[in-house]
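Novice: Dropping the structure in here first, questions after.
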Amino acid sequence: MRAPASEYVSVGGRPWQERRSGVHWKVLHEDGDRRTVLVRYEAGAIVPRHRHLGDEQIFVIEGSVSDETGTCHAGDFARRPPGCVHTVRSAGGALVLAVMSGGTEAISDSAPLCPEPRARENS
């Protein structure tokens with residue numbers, strides 16, 4: 001039996017897909033409800049309040065993205081666990097690598113937010 005081979009993706013050859021005004025992404029990998037995407041936020045872009053049905057992990061490559069609990073800057077990482085509710089904004093634009101599972105659902109502005117984030121330092 002042969003071991004699975006590495007998978008390489010020519011990111012430059014993938015088209016940007018507009019997800020909403022000011023937010024575009026390139027799907028790098030999909031496996032069931034798991035997806036890895038490169039997300040480009042234009043300055044002033046907003047992703048309306050939504051709930052995560054699965055896990056989302058982001059690494060900000062350029063710029064920054066914010067929600068009601070804080071801002072993730074270039075070089076930083078954030079995780080949003082299942083059930084997390086937030087609105088995403090990028091005042092100056094950003095490029096983000098996101099790994100997601102389970103999708104999201106739009107919700108009303110009155111839904112409770114994610115709990116305050118826990119800061120984790122490397123030991």
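We name chains A, B, ... following the order of the structure tokens; residues begin at 1 in each chain, and ligands are numbered from 1 as shown.
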Which residues are close to Gln17 (chain A), i.e. within 12 Å by only C-alpha atoms, leaving aside same-chain residues fewer than 5 positions away? Reply as a list of chain:residue names.

Specialist: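 In the requested form, the answer reads A:Gly22, A:Val23, A:His24, A:Trp25, A:Lys26, A:Val27, A:Leu28, A:Val37, A:Leu38, A:Val39, A:Arg40, A:Tyr41.
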
Novice: With a distance cut-off of 12 Å and only C-alpha atoms, select the neighbouring residues of Gly75 (chain A), excluding the residue or stretch itself and same-chain residues fewer than 2 positions from it, and output the selection as a list in words.

Specialist: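 The filter keeps Ile58, Phe59, Val60, Ile61, Glu62, Gly63, Ser64, Val65, Thr71, Cys72, His73, Phe77, Ala78, Ala94, Leu95, Val96 and Leu97 of chain A.
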
Novice: Counting only C-alpha atoms, what is within 10 Å of Arg20 (chain A), bar same-chain residues fewer than 6 positions away, as a list in words?

Specialist: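 Counting only the stated atoms, we get Tyr41, Ala45, Ile46, Val47 and Pro48 of chain A.
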
Novice: Step one, run DSSP on the backbone; step two, keep only residues of chain A assigned to strand (DSSP E); then write them as a PyMOL selection string.

Specialist: chain A and resi 17-20+23-31+34-41+45-52+56-67+70-73+77-80+85-90+94-101+104-106

Novice: How about saving the chosen residues, C-alpha atoms kept, as a short mmCIF file (atom, residue, chain, number, x, y, z; two decimals), in the first residue's frame?

Specialist:
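This is the output file selection-v1.cif:
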data_model
loop_
_atom_site.label_atom_id
_atom_site.label_comp_id
_atom_site.auth_asym_id
_atom_site.auth_seq_id
_atom_site.Cartn_x
_atom_site.Cartn_y
_atom_site.Cartn_z
CA GLN A 17 -14.24 34.65 -5.43
CA GLU A 18 -16.26 37.55 -4.04
CA ARG A 19 -18.03 36.31 -0.90
CA ARG A 20 -19.59 39.68 -0.08
CA VAL A 23 -14.37 40.25 0.97
CA HIS A 24 -12.80 37.81 -1.50
CA TRP A 25 -11.33 34.37 -1.02
CA LYS A 26 -9.42 31.62 -2.78
CA VAL A 27 -10.24 28.08 -1.72
CA LEU A 28 -6.95 26.22 -1.27
CA HIS A 29 -8.33 22.91 0.02
CA GLU A 30 -11.73 21.36 0.76
CA ASP A 31 -12.49 18.06 2.43
CA ARG A 34 -13.30 21.42 6.30
CA ARG A 35 -11.82 24.16 4.17
CA THR A 36 -8.62 26.18 3.96
CA VAL A 37 -8.98 29.59 2.31
CA LEU A 38 -6.97 32.70 1.63
CA VAL A 39 -9.18 35.71 2.44
CA ARG A 40 -8.61 39.25 1.20
CA TYR A 41 -10.47 42.06 2.99
CA ALA A 45 -14.91 45.49 4.72
CA ILE A 46 -17.46 44.05 7.14
CA VAL A 47 -18.68 40.47 7.58
CA PRO A 48 -22.06 40.79 9.36
CA ARG A 49 -22.75 39.06 12.67
CA HIS A 50 -22.70 35.28 12.35
CA ARG A 51 -22.32 32.14 14.46
CA HIS A 52 -19.63 29.56 13.80
CA GLU A 56 -12.26 28.64 12.64
CA GLN A 57 -8.56 29.38 12.94
CA ILE A 58 -6.96 32.39 11.27
CA PHE A 59 -3.43 33.64 10.71
CA VAL A 60 -3.18 37.25 9.56
CA ILE A 61 -0.53 37.69 6.86
CA GLU A 62 -1.03 41.41 6.17
CA GLY A 63 -3.12 44.14 7.80
CA SER A 64 -5.57 43.34 10.58
CA VAL A 65 -9.09 42.08 11.27
CA SER A 66 -11.19 42.93 14.31
CA ASP A 67 -14.31 41.76 16.07
CA GLY A 70 -10.22 42.36 19.84
CA THR A 71 -7.94 42.79 16.83
CA CYS A 72 -5.73 40.22 15.15
CA HIS A 73 -2.72 41.92 13.49
CA PHE A 77 -3.29 33.95 15.20
CA ALA A 78 -6.88 33.72 16.44
CA ARG A 79 -9.31 30.84 16.99
CA ARG A 80 -13.07 30.96 17.04
CA VAL A 85 -20.75 34.83 17.53
CA HIS A 86 -19.10 37.95 16.10
CA THR A 87 -18.92 40.60 13.39
CA VAL A 88 -15.63 40.89 11.48
CA ARG A 89 -14.23 44.23 10.31
CA SER A 90 -11.05 45.28 8.57
CA ALA A 94 -6.06 42.41 5.35
CA LEU A 95 -4.83 39.13 3.90
CA VAL A 96 -5.73 36.15 6.10
CA LEU A 97 -5.20 32.38 5.94
CA ALA A 98 -8.26 30.68 7.45
CA VAL A 99 -8.89 27.02 8.29
CA MET A 100 -12.57 26.34 8.93
CA SER A 101 -14.98 23.51 9.59
CA THR A 104 -21.49 29.70 9.68
CA GLU A 105 -25.04 30.99 10.02
CA ALA A 106 -26.24 34.60 9.90
#

Novice: Out of A:Asp109, A:Gly54, A:Tyr8, A:Glu68, which residue has the shortest atom-to-atom distance to Gly83 (chain A) when counting only C-alpha atoms?

Specialist: A:Gly54
